[in-house]
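Step one of this worksheet: look at the structure below.
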Amino acid sequence: MSRWGAPQLYGAWEVELTQLGQRGRLLLRQHPEFRESLRGEFSYGGQASIASGDVEGGEVNLDESRDGKSLHAFWSGHLVPGACGREIRGAWQQLAREGVPAAESSFILRRGAAPGGW
């Protein structure tokens, strides 16, 4: 799994927040300022947000921001052994903010289908 770096995770992912029953999309690409890091966009639960993070030793960590300034949630997961980099499972933790309690859910990210199939 250590051979997996940010470039191997570029592209479209299907998002599933298991306990919340929410599904959506994540698009990852190279971070514009940090070559070895990830940048992308989440779209789930009727909201759009920005993703920034890293992958190291099979562990994927993403910060999610809804306004581009403050942290909304953390995504911390691992590449699933045997899934050839096509699935990541972990925990999503939304930060508490005024009027909204903290929330948690397990998540699954699955590689989106390639155009034209494999």
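Going by the structure tokens order, chains are called A, B, ..., each with residues numbered from 1, while ligands are numbered from 1 in the order shown.
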Report as a ChimeraX atom specification all protein, DNA and RNA residues lying within 7 Å of Leu28 in chain A, evaluated on only C-alpha atoms, omitting residues in the same chain fewer than 3 positions from it.
/A:9-12,38-41
Could I get the residues of range 22-59 of chain A with an atom no further than 12 Å from an atom of range 97-109 of chain A, each paired with its nearest atom pair and that distance in Å to one decimal, using only C-alpha atoms, sorted by chain and residue number, as JSON lines?
```
{"residue": "A:Gln22", "atom": "CA", "partner": "A:Phe107", "partner_atom": "CA", "distance": 9.6}
{"residue": "A:Arg23", "atom": "CA", "partner": "A:Ile108", "partner_atom": "CA", "distance": 9.6}
{"residue": "A:Gly24", "atom": "CA", "partner": "A:Leu109", "partner_atom": "CA", "distance": 9.6}
{"residue": "A:Arg25", "atom": "CA", "partner": "A:Leu109", "partner_atom": "CA", "distance": 8.7}
{"residue": "A:Leu26", "atom": "CA", "partner": "A:Leu109", "partner_atom": "CA", "distance": 8.3}
{"residue": "A:Leu27", "atom": "CA", "partner": "A:Leu109", "partner_atom": "CA", "distance": 10.9}
{"residue": "A:Leu28", "atom": "CA", "partner": "A:Leu109", "partner_atom": "CA", "distance": 11.6}
{"residue": "A:Phe42", "atom": "CA", "partner": "A:Leu109", "partner_atom": "CA", "distance": 11.3}
```
Only C-alpha atoms, please: the residues just picked out, written as a PDB file, in the first residue's frame.
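So selection_25.pdb came out as:
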```pdb
ATOM      1  CA  GLN A  22     -26.023  10.226   2.400  1.00  0.00           C
ATOM      2  CA  ARG A  23     -24.379   9.678  -0.968  1.00  0.00           C
ATOM      3  CA  GLY A  24     -22.490  11.989  -3.243  1.00  0.00           C
ATOM      4  CA  ARG A  25     -19.308  12.581  -5.200  1.00  0.00           C
ATOM      5  CA  LEU A  26     -15.706  13.574  -4.595  1.00  0.00           C
ATOM      6  CA  LEU A  27     -13.345  14.769  -7.302  1.00  0.00           C
ATOM      7  CA  LEU A  28      -9.635  14.708  -6.372  1.00  0.00           C
ATOM      8  CA  PHE A  42     -17.188  17.129  -2.245  1.00  0.00           C
TER       9      PHE A  42
END
```
For Trp4 in chain A, list every protein, DNA or RNA residue within 8 Å, evaluated using only C-alpha atoms, and leave out those in the same chain fewer than 2 positions away; present the list as a list in words.
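Returned residues: Met1, Ser2, Ala6, Pro7, Gln8, Leu9, Val55, Glu56, Gly57, Gly58 and Gly85 of chain A.
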Create the file for the chosen residues now, containing C-alpha atoms and written as a short mmCIF file (atom, residue, chain, number, x, y, z; two decimals), in the first residue's frame.
```
data_model
loop_
_atom_site.label_atom_id
_atom_site.label_comp_id
_atom_site.auth_asym_id
_atom_site.auth_seq_id
_atom_site.Cartn_x
_atom_site.Cartn_y
_atom_site.Cartn_z
CA MET A 1 0.00 0.00 0.00
CA SER A 2 2.97 2.32 0.51
CA ALA A 6 -1.72 11.38 -4.13
CA PRO A 7 -1.52 10.89 -7.94
CA GLN A 8 -3.02 7.41 -7.69
CA LEU A 9 -6.12 8.89 -6.01
CA VAL A 55 -2.18 10.09 1.57
CA GLU A 56 0.69 8.32 3.29
CA GLY A 57 1.28 4.61 3.77
CA GLY A 58 -2.26 3.76 2.69
CA GLY A 85 -6.82 1.52 -4.77
#
```
Polymer residues at most 10 Å from Ala83 in chain A, only C-alpha atoms, same-chain spacing of 5 or more positions, as an MDAnalysis selection string
chainID A and resid 88 110:111
Would you export the selected residues with C-alpha atoms as a PDB file, in the first residue's frame, please?
```pdb
ATOM      1  CA  ILE A  88     -11.244   3.765   0.942  1.00  0.00           C
ATOM      2  CA  ARG A 110     -15.400   4.039  -4.181  1.00  0.00           C
ATOM      3  CA  ARG A 111     -13.585   4.891  -7.374  1.00  0.00           C
TER       4      ARG A 111
END
```
May I ask for the distance between CA of Ser43 in chain A and CA of Ala73 in chain A, given in Å to one decimal place?
13.4 Å
Considering only C-alpha atoms, return as a PyMOL selection string whatever protein or nucleic-acid residues lie within 7 Å of range 59-67 of chain A, sequence-local ones (same chain, fewer than 3 positions apart) excluded.
chain A and resi 48-56+70-79
Writer output for current selection, all heavy atoms, as a CSV table (one decimal), in the first residue's frame:
```csv
chain,number,residue,atom,x,y,z
A,48,ALA,N,-22.0,21.6,-1.2
A,48,ALA,CA,-20.7,21.5,-1.9
A,48,ALA,C,-19.6,21.9,-0.9
A,48,ALA,O,-19.9,22.8,-0.1
A,48,ALA,CB,-20.7,22.3,-3.2
A,49,SER,N,-18.5,21.3,-1.0
A,49,SER,CA,-17.4,21.7,-0.1
A,49,SER,C,-16.1,21.4,-0.7
A,49,SER,O,-16.0,20.7,-1.7
A,49,SER,CB,-17.5,21.1,1.3
A,49,SER,OG,-17.7,19.7,1.1
A,50,ILE,N,-15.0,22.0,-0.1
A,50,ILE,CA,-13.6,21.8,-0.6
A,50,ILE,C,-12.9,20.7,0.2
A,50,ILE,O,-13.1,20.7,1.4
A,50,ILE,CB,-12.9,23.1,-0.5
A,50,ILE,CG1,-13.6,24.2,-1.3
A,50,ILE,CG2,-11.4,23.0,-0.9
A,50,ILE,CD1,-13.1,25.6,-1.0
A,51,ALA,N,-12.2,19.9,-0.4
A,51,ALA,CA,-11.4,18.9,0.2
A,51,ALA,C,-9.9,19.2,0.0
A,51,ALA,O,-9.5,19.5,-1.1
A,51,ALA,CB,-11.7,17.5,-0.4
A,52,SER,N,-9.1,19.0,1.1
A,52,SER,CA,-7.7,19.2,1.0
A,52,SER,C,-7.1,18.1,1.9
A,52,SER,O,-7.6,17.9,3.0
A,52,SER,CB,-7.2,20.5,1.5
A,52,SER,OG,-7.7,21.6,0.7
A,53,GLY,N,-6.0,17.4,1.5
A,53,GLY,CA,-5.4,16.4,2.3
A,53,GLY,C,-4.2,15.7,1.7
A,53,GLY,O,-3.6,16.2,0.7
A,54,ASP,N,-3.9,14.6,2.3
A,54,ASP,CA,-2.7,13.8,2.0
A,54,ASP,C,-3.0,12.3,2.1
A,54,ASP,O,-4.0,11.9,2.7
A,54,ASP,CB,-1.6,14.1,3.0
A,54,ASP,CG,-1.2,15.5,2.9
A,54,ASP,OD1,-0.6,15.9,1.9
A,54,ASP,OD2,-1.4,16.3,3.9
A,55,VAL,N,-2.2,11.5,1.4
A,55,VAL,CA,-2.2,10.1,1.6
A,55,VAL,C,-0.8,9.7,1.9
A,55,VAL,O,0.2,10.1,1.3
A,55,VAL,CB,-2.7,9.4,0.3
A,55,VAL,CG1,-1.9,9.7,-0.9
A,55,VAL,CG2,-2.8,7.9,0.5
A,56,GLU,N,-0.6,8.8,2.9
A,56,GLU,CA,0.7,8.3,3.3
A,56,GLU,C,0.6,6.9,3.9
A,56,GLU,O,-0.2,6.7,4.8
A,56,GLU,CB,1.3,9.3,4.3
A,56,GLU,CG,2.7,8.9,4.7
A,56,GLU,CD,3.4,9.9,5.6
A,56,GLU,OE1,3.1,11.1,5.5
A,56,GLU,OE2,4.2,9.5,6.4
A,70,SER,N,-13.0,27.9,7.0
A,70,SER,CA,-13.1,27.2,8.3
A,70,SER,C,-13.3,25.7,8.0
A,70,SER,O,-13.9,25.3,7.0
A,70,SER,CB,-14.2,27.7,9.2
A,70,SER,OG,-15.4,27.6,8.5
A,71,LEU,N,-12.9,24.9,9.0
A,71,LEU,CA,-13.0,23.4,8.9
A,71,LEU,C,-14.4,23.0,9.2
A,71,LEU,O,-15.0,23.4,10.2
A,71,LEU,CB,-12.0,22.8,9.9
A,71,LEU,CG,-11.8,21.3,9.8
A,71,LEU,CD1,-11.3,20.9,8.4
A,71,LEU,CD2,-10.8,20.9,10.8
A,72,HIS,N,-15.0,22.2,8.4
A,72,HIS,CA,-16.3,21.6,8.6
A,72,HIS,C,-16.2,20.2,9.1
A,72,HIS,O,-17.0,19.8,10.1
A,72,HIS,CB,-17.1,21.6,7.3
A,72,HIS,CG,-18.4,20.9,7.4
A,72,HIS,ND1,-19.5,21.5,8.0
A,72,HIS,CD2,-18.8,19.7,6.9
A,72,HIS,CE1,-20.5,20.7,7.9
A,72,HIS,NE2,-20.2,19.6,7.3
A,73,ALA,N,-15.3,19.4,8.6
A,73,ALA,CA,-15.2,18.0,9.0
A,73,ALA,C,-13.9,17.4,8.6
A,73,ALA,O,-13.2,17.9,7.8
A,73,ALA,CB,-16.3,17.1,8.3
A,74,PHE,N,-13.5,16.3,9.3
A,74,PHE,CA,-12.3,15.5,9.0
A,74,PHE,C,-12.7,14.2,8.4
A,74,PHE,O,-13.7,13.6,8.8
A,74,PHE,CB,-11.6,15.2,10.3
A,74,PHE,CG,-11.0,16.3,11.0
A,74,PHE,CD1,-11.5,16.8,12.2
A,74,PHE,CD2,-9.8,17.0,10.5
A,74,PHE,CE1,-10.9,17.8,12.9
A,74,PHE,CE2,-9.3,18.0,11.2
A,74,PHE,CZ,-9.8,18.5,12.4
A,75,TRP,N,-12.0,13.7,7.4
A,75,TRP,CA,-12.2,12.4,6.8
A,75,TRP,C,-10.8,11.6,7.0
A,75,TRP,O,-9.8,12.1,6.6
A,75,TRP,CB,-12.4,12.5,5.3
A,75,TRP,CG,-13.7,13.2,5.0
A,75,TRP,CD1,-13.9,14.6,5.1
A,75,TRP,CD2,-14.9,12.7,4.4
A,75,TRP,NE1,-15.2,14.9,4.6
A,75,TRP,CE2,-15.8,13.7,4.2
A,75,TRP,CE3,-15.2,11.4,4.0
A,75,TRP,CZ2,-17.0,13.6,3.6
A,75,TRP,CZ3,-16.5,11.2,3.4
A,75,TRP,CH2,-17.4,12.3,3.2
A,76,SER,N,-10.9,10.5,7.7
A,76,SER,CA,-9.7,9.8,8.0
A,76,SER,C,-10.0,8.3,7.7
A,76,SER,O,-10.9,7.7,8.2
A,76,SER,CB,-9.3,9.9,9.5
A,76,SER,OG,-8.1,9.2,9.7
A,77,GLY,N,-9.2,7.8,6.7
A,77,GLY,CA,-9.5,6.4,6.2
A,77,GLY,C,-8.3,5.7,5.7
A,77,GLY,O,-7.2,6.2,5.7
A,78,HIS,N,-8.5,4.4,5.3
A,78,HIS,CA,-7.4,3.6,4.8
A,78,HIS,C,-7.9,3.0,3.5
A,78,HIS,O,-9.0,2.6,3.3
A,78,HIS,CB,-7.1,2.5,5.8
A,78,HIS,CG,-6.4,3.0,7.0
A,78,HIS,ND1,-7.1,3.4,8.1
A,78,HIS,CD2,-5.1,3.1,7.2
A,78,HIS,CE1,-6.2,3.8,9.0
A,78,HIS,NE2,-5.0,3.6,8.5
A,79,LEU,N,-6.9,2.8,2.6
A,79,LEU,CA,-7.2,2.1,1.4
A,79,LEU,C,-7.5,0.6,1.8
A,79,LEU,O,-6.8,0.1,2.6
A,79,LEU,CB,-5.9,2.1,0.5
A,79,LEU,CG,-5.7,3.5,-0.2
A,79,LEU,CD1,-4.2,3.6,-0.6
A,79,LEU,CD2,-6.6,3.6,-1.4
```
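Here CA of Leu17 in chain A is placed at a distance of 26.3 Å from CA of Glu36 in chain A.
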Could you give me, as a ChimeraX atom specification, each residue of chain A that DSSP assigns to strand (DSSP E) when run on this structure's backbone?
/A:11-17,22-30,38-44,47-56,59-65,73-79,87-94,103-111
Report as a count of residues only: the residues of chain A with a DSSP assignment of helix (DSSP H, G or I), based on the backbone of this structure.
4
In Å to one decimal, how far is CA of Val80 in chain A from CA of Gly46 in chain A?
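Distance reported for this atom pair: 27.4 Å.
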